[in-house]
file upload_33.txt (compact mmCIF, C-alpha atoms and all ligand atoms)
# COMPACT_ATOMS: atom_id res chain seq x y z
CA MET A 30 29.10 4.91 -28.93
CA GLU A 31 29.26 8.25 -27.21
CA ASN A 32 27.88 8.26 -23.70
CA THR A 33 25.10 10.85 -23.75
CA ILE A 34 23.07 9.79 -20.72
CA ASP A 35 24.14 11.36 -17.46
CA ILE A 36 22.82 9.77 -14.25
CA ASP A 37 23.53 12.95 -12.26
CA THR A 38 21.23 14.88 -14.60
CA ILE A 39 18.44 12.32 -14.28
CA TYR A 40 18.90 12.09 -10.50
CA PRO A 41 20.03 15.54 -9.28
CA ARG A 42 22.21 15.25 -6.17
CA ASN A 43 19.99 17.49 -4.07
CA LEU A 44 16.93 15.28 -4.58
CA LEU A 45 17.05 12.73 -1.80
CA TYR A 46 15.31 9.37 -2.09
CA TRP A 47 15.39 7.16 0.97
CA ASP A 48 16.16 3.99 -0.99
CA ARG A 49 18.99 5.64 -2.96
CA MET A 50 20.65 6.88 0.23
CA SER A 51 23.14 4.71 2.06
CA SER A 52 22.93 3.95 5.75
CA ALA A 53 25.92 6.29 6.24
CA GLU A 54 24.11 9.07 4.39
CA ILE A 55 21.09 8.71 6.68
CA SER A 56 23.49 9.09 9.63
CA ASP A 57 25.09 12.17 8.00
CA TYR A 58 21.65 13.67 7.36
CA LEU A 59 20.73 13.25 11.03
CA VAL A 60 23.92 15.04 12.06
CA ARG A 61 23.70 17.78 9.41
CA VAL A 62 19.99 18.61 9.51
CA PRO A 63 18.53 19.84 12.82
CA ALA A 64 15.63 17.72 14.10
CA GLU A 65 12.99 20.38 13.45
CA LYS A 66 14.07 20.74 9.79
CA ARG A 67 13.98 17.04 8.90
CA LEU A 68 11.14 16.03 6.61
CA ILE A 69 10.00 12.83 4.95
CA LEU A 70 7.73 13.13 1.90
CA ILE A 71 5.82 9.89 1.47
CA VAL A 72 4.49 9.05 -2.00
CA TRP A 73 1.32 6.98 -2.09
CA GLY A 74 -0.86 5.61 -4.88
CA VAL A 75 -2.16 2.26 -6.02
CA ILE A 76 -2.17 -0.22 -8.91
CA GLU A 77 -5.54 0.15 -10.63
CA SER A 78 -7.01 0.68 -14.08
CA HIS A 79 -6.77 4.21 -15.53
CA GLY A 80 -8.15 3.68 -18.99
CA PRO A 81 -6.66 1.80 -21.95
CA ALA A 82 -3.76 4.24 -22.46
CA LEU A 83 -2.42 5.11 -18.99
CA GLY A 84 -0.29 2.88 -16.78
CA LEU A 85 -1.83 0.94 -13.90
CA GLY A 86 0.38 2.85 -11.48
CA SER A 87 -0.71 6.30 -12.73
CA ASP A 88 -1.82 7.52 -9.29
CA SER A 89 1.54 6.55 -7.77
CA MET A 90 3.56 7.91 -10.69
CA LEU A 91 1.78 11.28 -10.69
CA ALA A 92 2.03 11.53 -6.89
CA GLY A 93 5.77 10.89 -7.37
CA LEU A 94 5.88 13.75 -9.88
CA ALA A 95 4.18 16.04 -7.34
CA ALA A 96 6.49 14.95 -4.51
CA ASP A 97 9.57 15.55 -6.68
CA GLU A 98 8.42 19.05 -7.56
CA ALA A 99 7.55 19.88 -3.94
CA ALA A 100 10.97 18.58 -2.84
CA ARG A 101 12.73 20.68 -5.48
CA ARG A 102 10.90 23.84 -4.42
CA LEU A 103 11.43 23.16 -0.71
CA TYR A 104 15.16 22.82 -1.38
CA GLU A 105 15.54 25.80 -3.70
CA GLU A 106 13.11 28.20 -2.09
CA LYS A 107 13.15 27.20 1.59
CA GLY A 108 16.58 25.61 2.07
CA LEU A 109 14.95 22.40 3.30
CA GLU A 110 16.22 18.93 2.41
CA PRO A 111 13.23 16.61 2.35
CA ILE A 112 13.76 12.89 1.82
CA ILE A 113 11.30 11.21 -0.54
CA PHE A 114 10.10 7.80 0.63
CA ASP A 115 8.23 5.77 -1.97
CA ALA A 116 9.09 2.20 -1.04
CA TRP A 117 5.44 1.06 -1.10
CA LYS A 118 3.85 3.73 -3.22
CA ASN A 119 1.84 1.05 -5.08
CA VAL A 120 0.52 -0.70 -1.96
CA GLY A 121 -2.89 0.94 -1.86
CA SER A 122 -6.61 0.51 -1.47
CA LEU A 123 -8.87 -1.88 -3.32
CA SER A 124 -11.07 0.26 -5.55
CA ALA A 125 -14.01 0.32 -7.92
CA THR A 126 -11.58 -0.82 -10.63
CA ARG A 127 -10.64 -3.94 -8.65
CA ASN A 128 -11.94 -6.35 -11.28
CA PHE A 129 -10.17 -4.86 -14.29
CA PRO A 130 -7.23 -6.91 -15.50
CA GLY A 131 -4.01 -5.80 -13.80
CA ALA A 132 -5.55 -4.07 -10.76
CA ILE A 133 -3.95 -4.99 -7.42
CA GLY A 134 -5.32 -3.36 -4.27
CA PHE A 135 -5.56 -4.29 -0.61
CA HIS A 136 -8.82 -4.47 1.28
CA SER A 137 -9.25 -2.05 4.17
CA SER A 138 -10.64 -4.78 6.43
CA VAL A 139 -7.29 -6.60 6.21
CA PRO A 140 -4.77 -4.71 8.36
CA VAL A 141 -1.82 -5.11 5.93
CA ILE A 142 -1.61 -1.44 4.96
CA ARG A 143 -2.08 -0.07 8.46
CA GLU A 144 0.57 -2.39 9.88
CA ILE A 145 3.12 -1.44 7.22
CA TRP A 146 2.54 2.23 8.05
CA GLU A 147 2.70 1.71 11.79
CA GLN A 148 5.95 -0.20 11.66
CA THR A 149 7.64 2.14 9.19
CA LEU A 150 6.66 5.36 10.93
CA SER A 151 7.66 3.88 14.32
CA ARG A 152 11.02 2.89 12.91
CA MET A 153 11.69 6.27 11.27
CA PHE A 154 10.56 8.13 14.38
CA LYS A 155 13.02 6.08 16.44
CA GLU A 156 15.78 7.06 13.99
CA GLY A 157 15.11 10.75 14.63
CA PHE A 158 12.53 11.72 12.01
CA SER A 159 9.36 13.33 13.29
CA LYS A 160 7.81 15.28 10.38
CA PHE A 161 6.00 13.21 7.76
CA PHE A 162 3.94 14.51 4.87
CA LEU A 163 1.97 12.14 2.69
CA VAL A 164 1.51 13.00 -0.99
CA ASN A 165 -1.47 10.84 -1.85
CA GLY A 166 -2.73 10.25 -5.38
CA ASP A 167 -5.61 7.86 -4.84
CA GLY A 168 -8.99 8.79 -3.39
CA GLY A 169 -9.59 5.24 -2.15
CA ASN A 170 -6.40 5.34 -0.06
CA TRP A 171 -7.60 8.54 1.49
CA MET A 172 -11.10 7.33 2.35
CA ASN A 173 -10.27 3.76 3.31
CA HIS A 174 -6.90 4.06 5.01
CA TRP A 175 -5.71 7.57 5.81
CA TYR A 176 -8.43 8.46 8.32
CA GLY A 177 -8.23 5.05 9.94
CA LEU A 178 -4.52 5.45 10.31
CA LYS A 179 -4.72 9.00 11.61
CA TRP A 180 -7.61 8.57 14.00
CA ASP A 181 -7.93 4.88 14.90
CA SER A 182 -4.42 3.51 15.25
CA PRO A 183 -3.17 3.28 18.87
CA VAL A 184 0.41 2.97 17.52
CA ILE A 185 0.18 6.19 15.51
CA ASP A 186 -1.65 7.89 18.36
CA ALA A 187 1.23 7.08 20.73
CA LEU A 188 3.74 8.48 18.21
CA LEU A 189 1.70 11.67 17.80
CA LYS A 190 1.69 12.10 21.58
CA GLN A 191 5.49 11.80 21.52
CA GLY A 192 5.74 14.65 19.01
CA MET A 193 5.43 13.02 15.61
CA GLN A 194 3.77 15.25 12.97
CA LEU A 195 1.81 13.37 10.34
CA GLU A 196 0.10 15.42 7.67
CA GLY A 197 -0.99 14.75 4.12
CA GLY A 198 -2.72 15.93 1.00
CA ASN A 199 -4.91 14.39 -1.67
CA TRP A 200 -2.71 16.29 -4.08
CA ASP A 201 -4.68 15.91 -7.33
CA GLN A 202 -7.95 17.10 -5.77
CA GLU A 203 -6.62 20.21 -4.02
CA GLY A 204 -5.78 23.42 -5.91
CA GLY A 205 -6.72 23.78 -9.58
CA ALA A 206 -9.33 21.44 -11.09
CA PRO A 207 -10.28 18.26 -9.21
CA TYR A 208 -9.33 15.33 -11.46
CA LEU A 209 -11.90 12.75 -12.46
CA HIS A 210 -10.68 9.18 -12.55
CA GLY A 211 -8.95 8.52 -15.87
CA GLY A 212 -10.22 11.84 -17.24
CA HIS A 213 -8.69 14.28 -19.74
CA HIS A 214 -6.75 16.12 -17.01
CA GLU A 215 -4.89 12.98 -15.97
CA HIS A 216 -4.08 12.16 -19.59
CA ALA A 217 -2.99 15.73 -20.40
CA LEU A 218 -0.82 16.00 -17.28
CA THR A 219 0.97 12.77 -18.20
CA THR A 220 1.63 13.95 -21.78
CA TRP A 221 2.69 17.41 -20.57
CA ALA A 222 5.11 15.95 -18.00
CA CYS A 223 6.65 13.63 -20.61
CA TYR A 224 7.01 16.03 -23.53
CA HIS A 225 6.13 19.68 -22.86
CA ALA A 226 7.03 20.56 -19.26
CA PRO A 227 10.24 22.29 -18.15
CA GLU A 228 13.23 19.93 -18.13
CA HIS A 229 13.30 19.26 -14.38
CA ILE A 230 9.70 17.98 -14.65
CA ARG A 231 10.44 15.86 -17.73
CA LEU A 232 13.31 14.31 -15.79
CA SER A 233 10.93 13.63 -12.92
CA ALA A 234 8.59 11.92 -15.42
CA ILE A 235 11.47 9.61 -16.36
CA ARG A 236 12.31 8.86 -12.72
CA ASN A 237 8.67 8.10 -12.03
CA ARG A 238 8.25 5.91 -15.13
CA LEU A 239 5.47 8.01 -16.69
CA ARG A 240 4.49 7.15 -20.25
CA ALA A 241 2.46 9.51 -22.41
CA PRO A 242 -0.81 8.07 -23.76
CA ASP A 243 -0.94 6.97 -27.40
CA THR A 244 -3.12 9.33 -29.48
CA GLU A 245 -4.57 6.46 -31.51
CA ILE A 246 -5.88 4.89 -28.29
CA LEU A 247 -7.20 8.26 -27.08
CA LYS A 248 -9.30 8.56 -30.23
CA LYS A 249 -11.10 5.38 -29.19
CA ILE A 250 -12.16 6.80 -25.81
CA ASP A 251 -13.08 10.25 -27.16
CA GLY A 252 -16.53 11.31 -25.98
CA ALA A 253 -16.66 9.05 -22.93
CA ASN A 254 -18.87 10.66 -20.34
CA TYR A 255 -19.40 8.34 -17.44
CA ALA A 256 -18.73 11.02 -14.84
CA TYR A 257 -21.58 9.66 -12.77
CA LEU A 258 -19.25 6.84 -11.83
CA GLU A 259 -17.51 9.32 -9.55
CA ASP A 260 -20.61 9.63 -7.34
CA VAL A 261 -19.77 8.45 -3.86
CA SER A 262 -22.52 5.84 -3.90
CA HIS A 263 -20.93 4.29 -6.99
CA ARG A 264 -17.48 4.13 -5.43
CA GLU A 265 -18.25 0.80 -3.83
CA HIS A 266 -19.48 -0.62 -7.09
CA ASP A 267 -17.57 -2.74 -9.52
CA TRP A 268 -16.95 -0.40 -12.45
CA SER A 269 -16.02 -3.26 -14.75
CA THR A 270 -19.74 -4.16 -14.84
CA TYR A 271 -20.72 -0.78 -16.40
CA PRO A 272 -21.35 -0.59 -20.17
CA ASP A 273 -18.46 -0.41 -22.60
CA GLN A 274 -15.73 -1.06 -20.06
CA ASP A 275 -13.79 -3.47 -22.20
CA ARG A 276 -12.99 -0.37 -24.27
CA LEU A 277 -13.05 2.37 -21.60
CA ARG A 278 -11.26 0.49 -18.81
CA SER A 279 -12.62 2.86 -16.11
CA VAL A 280 -12.27 6.17 -17.97
CA THR A 281 -15.01 8.38 -16.47
CA GLU A 282 -14.80 11.36 -18.80
CA PHE A 283 -12.66 11.98 -21.84
CA SER A 284 -12.79 14.52 -24.64
CA LEU A 285 -9.93 14.58 -27.11
CA ALA A 286 -10.64 18.27 -27.84
CA GLU A 287 -10.47 19.15 -24.11
CA TYR A 288 -7.27 17.12 -23.76
CA GLN A 289 -5.69 18.96 -26.69
CA LYS A 290 -6.88 22.32 -25.38
CA LEU A 291 -5.33 21.69 -21.96
CA LEU A 292 -2.01 21.01 -23.71
CA ASP A 293 -2.14 23.79 -26.33
CA SER A 294 -3.22 26.51 -23.90
CA GLY A 295 -0.65 25.50 -21.31
CA ASP A 296 -3.51 25.27 -18.79
CA ILE A 297 -2.47 21.81 -17.65
CA GLY A 298 0.91 23.21 -16.56
CA LYS A 299 -0.85 26.04 -14.72
CA ASP A 300 -3.14 23.53 -13.04
CA PHE A 301 -0.13 21.47 -11.91
CA ASP A 302 1.40 24.67 -10.52
CA ALA A 303 -1.78 25.47 -8.57
CA LYS A 304 -1.80 21.97 -7.07
CA ILE A 305 1.87 22.18 -6.11
CA ALA A 306 1.31 25.62 -4.55
CA CYS A 307 -1.47 24.10 -2.45
CA LEU A 308 0.79 21.20 -1.44
CA MET A 309 3.62 23.59 -0.52
CA LYS A 310 1.33 25.63 1.72
CA LYS A 311 0.34 22.50 3.67
CA ILE A 312 3.93 21.29 3.99
CA GLU A 313 5.24 24.70 5.05
CA ALA A 314 2.59 24.86 7.77
CA MET A 315 4.44 22.02 9.51
CA PHE A 316 7.43 24.28 10.19
ZN ZN B 401 -7.00 6.13 -8.00
call {"tool": "encode", "arguments": {"input": "upload_33.txt", "output": "structure tokens"}}
result
Amino acid sequence: MENTIDIDTIYPRNLLYWDRMSSAEISDYLVRVPAEKRLILIVWGVIESHGPALGLGSDSMLAGLAADEAARRLYEEKGLEPIIFDAWKNVGSLSATRNFPGAIGFHSSVPVIREIWEQTLSRMFKEGFSKFFLVNGDGGNWMNHWYGLKWDSPVIDALLKQGMQLEGGNWDQEGGAPYLHGGHHEHALTTWACYHAPEHIRLSAIRNRLRAPDTEILKKIDGANYAYLEDVSHREHDWSTYPDQDRLRSVTEFSLAEYQKLLDSGDIGKDFDAKIACLMKKIEAMF
């Protein structure tokens, strides 16, 4: 059979992933790239329910899509060579979907997540990396862990005093429309990235393991309007106890017509662009 799949197309050479680089390539990077131009983009999400049609790792996968696109633009437009680090992108916060089958999160009162961060950032800082930008895709991570890490960790505080820069963005809530959990935006973005986006984004969807939702399943959640679940006071609650959740699996708002409109009008692509532009602004401010 003819070999039609090209690994160098799927993984362009100028997109650097920490775990695909060799130890020698990290050394080369540190020689080639001046200290003030080195950048690590950290991808962060969680394993939680996102409706009956989207993968449990949707937050991580979409954050990976955003990080890939930011890295591509930083390389092509700014001549920067960020390294994407996503080794624990799924190690995230316990959420309101914690009791749905398949959800795996970590409680903020257990220091697992903070310790992983502290040790990894310490290690990378020692290697010669000092600029870190977190592309976060899960609101629970942000509320339960990011602030604690940034403001309450003596280890991180000491690194910041030594010159480490640690910034981040809740990428899907900043620029464009804020996404509701498991809503039509999330579904449309996944479909767009898999089938309709420019090729470099469709390749990123493959690298990040995105899978477009099945239309037959979407028909079954059409009309869901449980947006009230997004109220802060409900965040602590167990969403699996709300009505109809065996079918909805934590979808807060879904309209098939809205989903289709976002795809047909191209608005979902424009929304992605607006979010990436916002992300780029924050990253560029570190230089
Ligand atoms: Zn989430």
call {"tool": "residues_near_ligand", "arguments": {"input": "upload_33.txt", "ligand": "ligand ZN 401 (chain B)", "cutoff": "7 Å", "atoms": "only C-alpha atoms and all ligand atoms", "output": "PDB file with C-alpha atoms, in the coordinates of the input"}}
result
ATOM      1  CA  GLY A  74      -0.860   5.610  -4.880  1.00  0.00           C
ATOM      2  CA  VAL A  75      -2.160   2.260  -6.020  1.00  0.00           C
ATOM      3  CA  GLU A  77      -5.540   0.150 -10.630  1.00  0.00           C
ATOM      4  CA  ASP A  88      -1.820   7.520  -9.290  1.00  0.00           C
ATOM      5  CA  GLY A 166      -2.730  10.250  -5.380  1.00  0.00           C
ATOM      6  CA  ASP A 167      -5.610   7.860  -4.840  1.00  0.00           C
ATOM      7  CA  GLY A 168      -8.990   8.790  -3.390  1.00  0.00           C
ATOM      8  CA  GLY A 169      -9.590   5.240  -2.150  1.00  0.00           C
ATOM      9  CA  HIS A 210     -10.680   9.180 -12.550  1.00  0.00           C
TER      10      HIS A 210
END
call {"tool": "closest_residue", "arguments": {"input": "upload_33.txt", "among": "A:Asp37, A:Glu287, A:Glu196, A:Asp115", "to": "Ala314 in chain A", "atoms": "all atoms listed in the file"}}
result
A:Glu196
call {"tool": "closest_residue", "arguments": {"input": "upload_33.txt", "among": "A:Tyr224, A:Tyr176, A:Tyr58, A:Trp73", "to": "Gly86 in chain A", "atoms": "only C-alpha atoms"}}
result
A:Trp73
call {"tool": "atom_distance", "arguments": {"input": "upload_33.txt", "atom1": "CA of Gly93 in chain A", "atom2": "CA of Gln289 in chain A"}}
result
23.9 Å
call {"tool": "atom_distance", "arguments": {"input": "upload_33.txt", "atom1": "CA of Lys310 in chain A", "atom2": "CA of Arg67 in chain A"}}
result
16.9 Å
call {"tool": "closest_residue", "arguments": {"input": "upload_33.txt", "among": "A:Ile297, A:Cys223, A:Ala206, A:Val164", "to": "Lys311 in chain A", "atoms": "only C-alpha atoms"}}
result
A:Val164
call {"tool": "residues_around", "arguments": {"input": "upload_33.txt", "residues": "Pro81 in chain A", "least_positions_apart": "5", "cutoff": "9 Å", "atoms": "all atoms listed in the file", "output": "ChimeraX atom specification"}}
result
/A:242,246-247,250,275-280
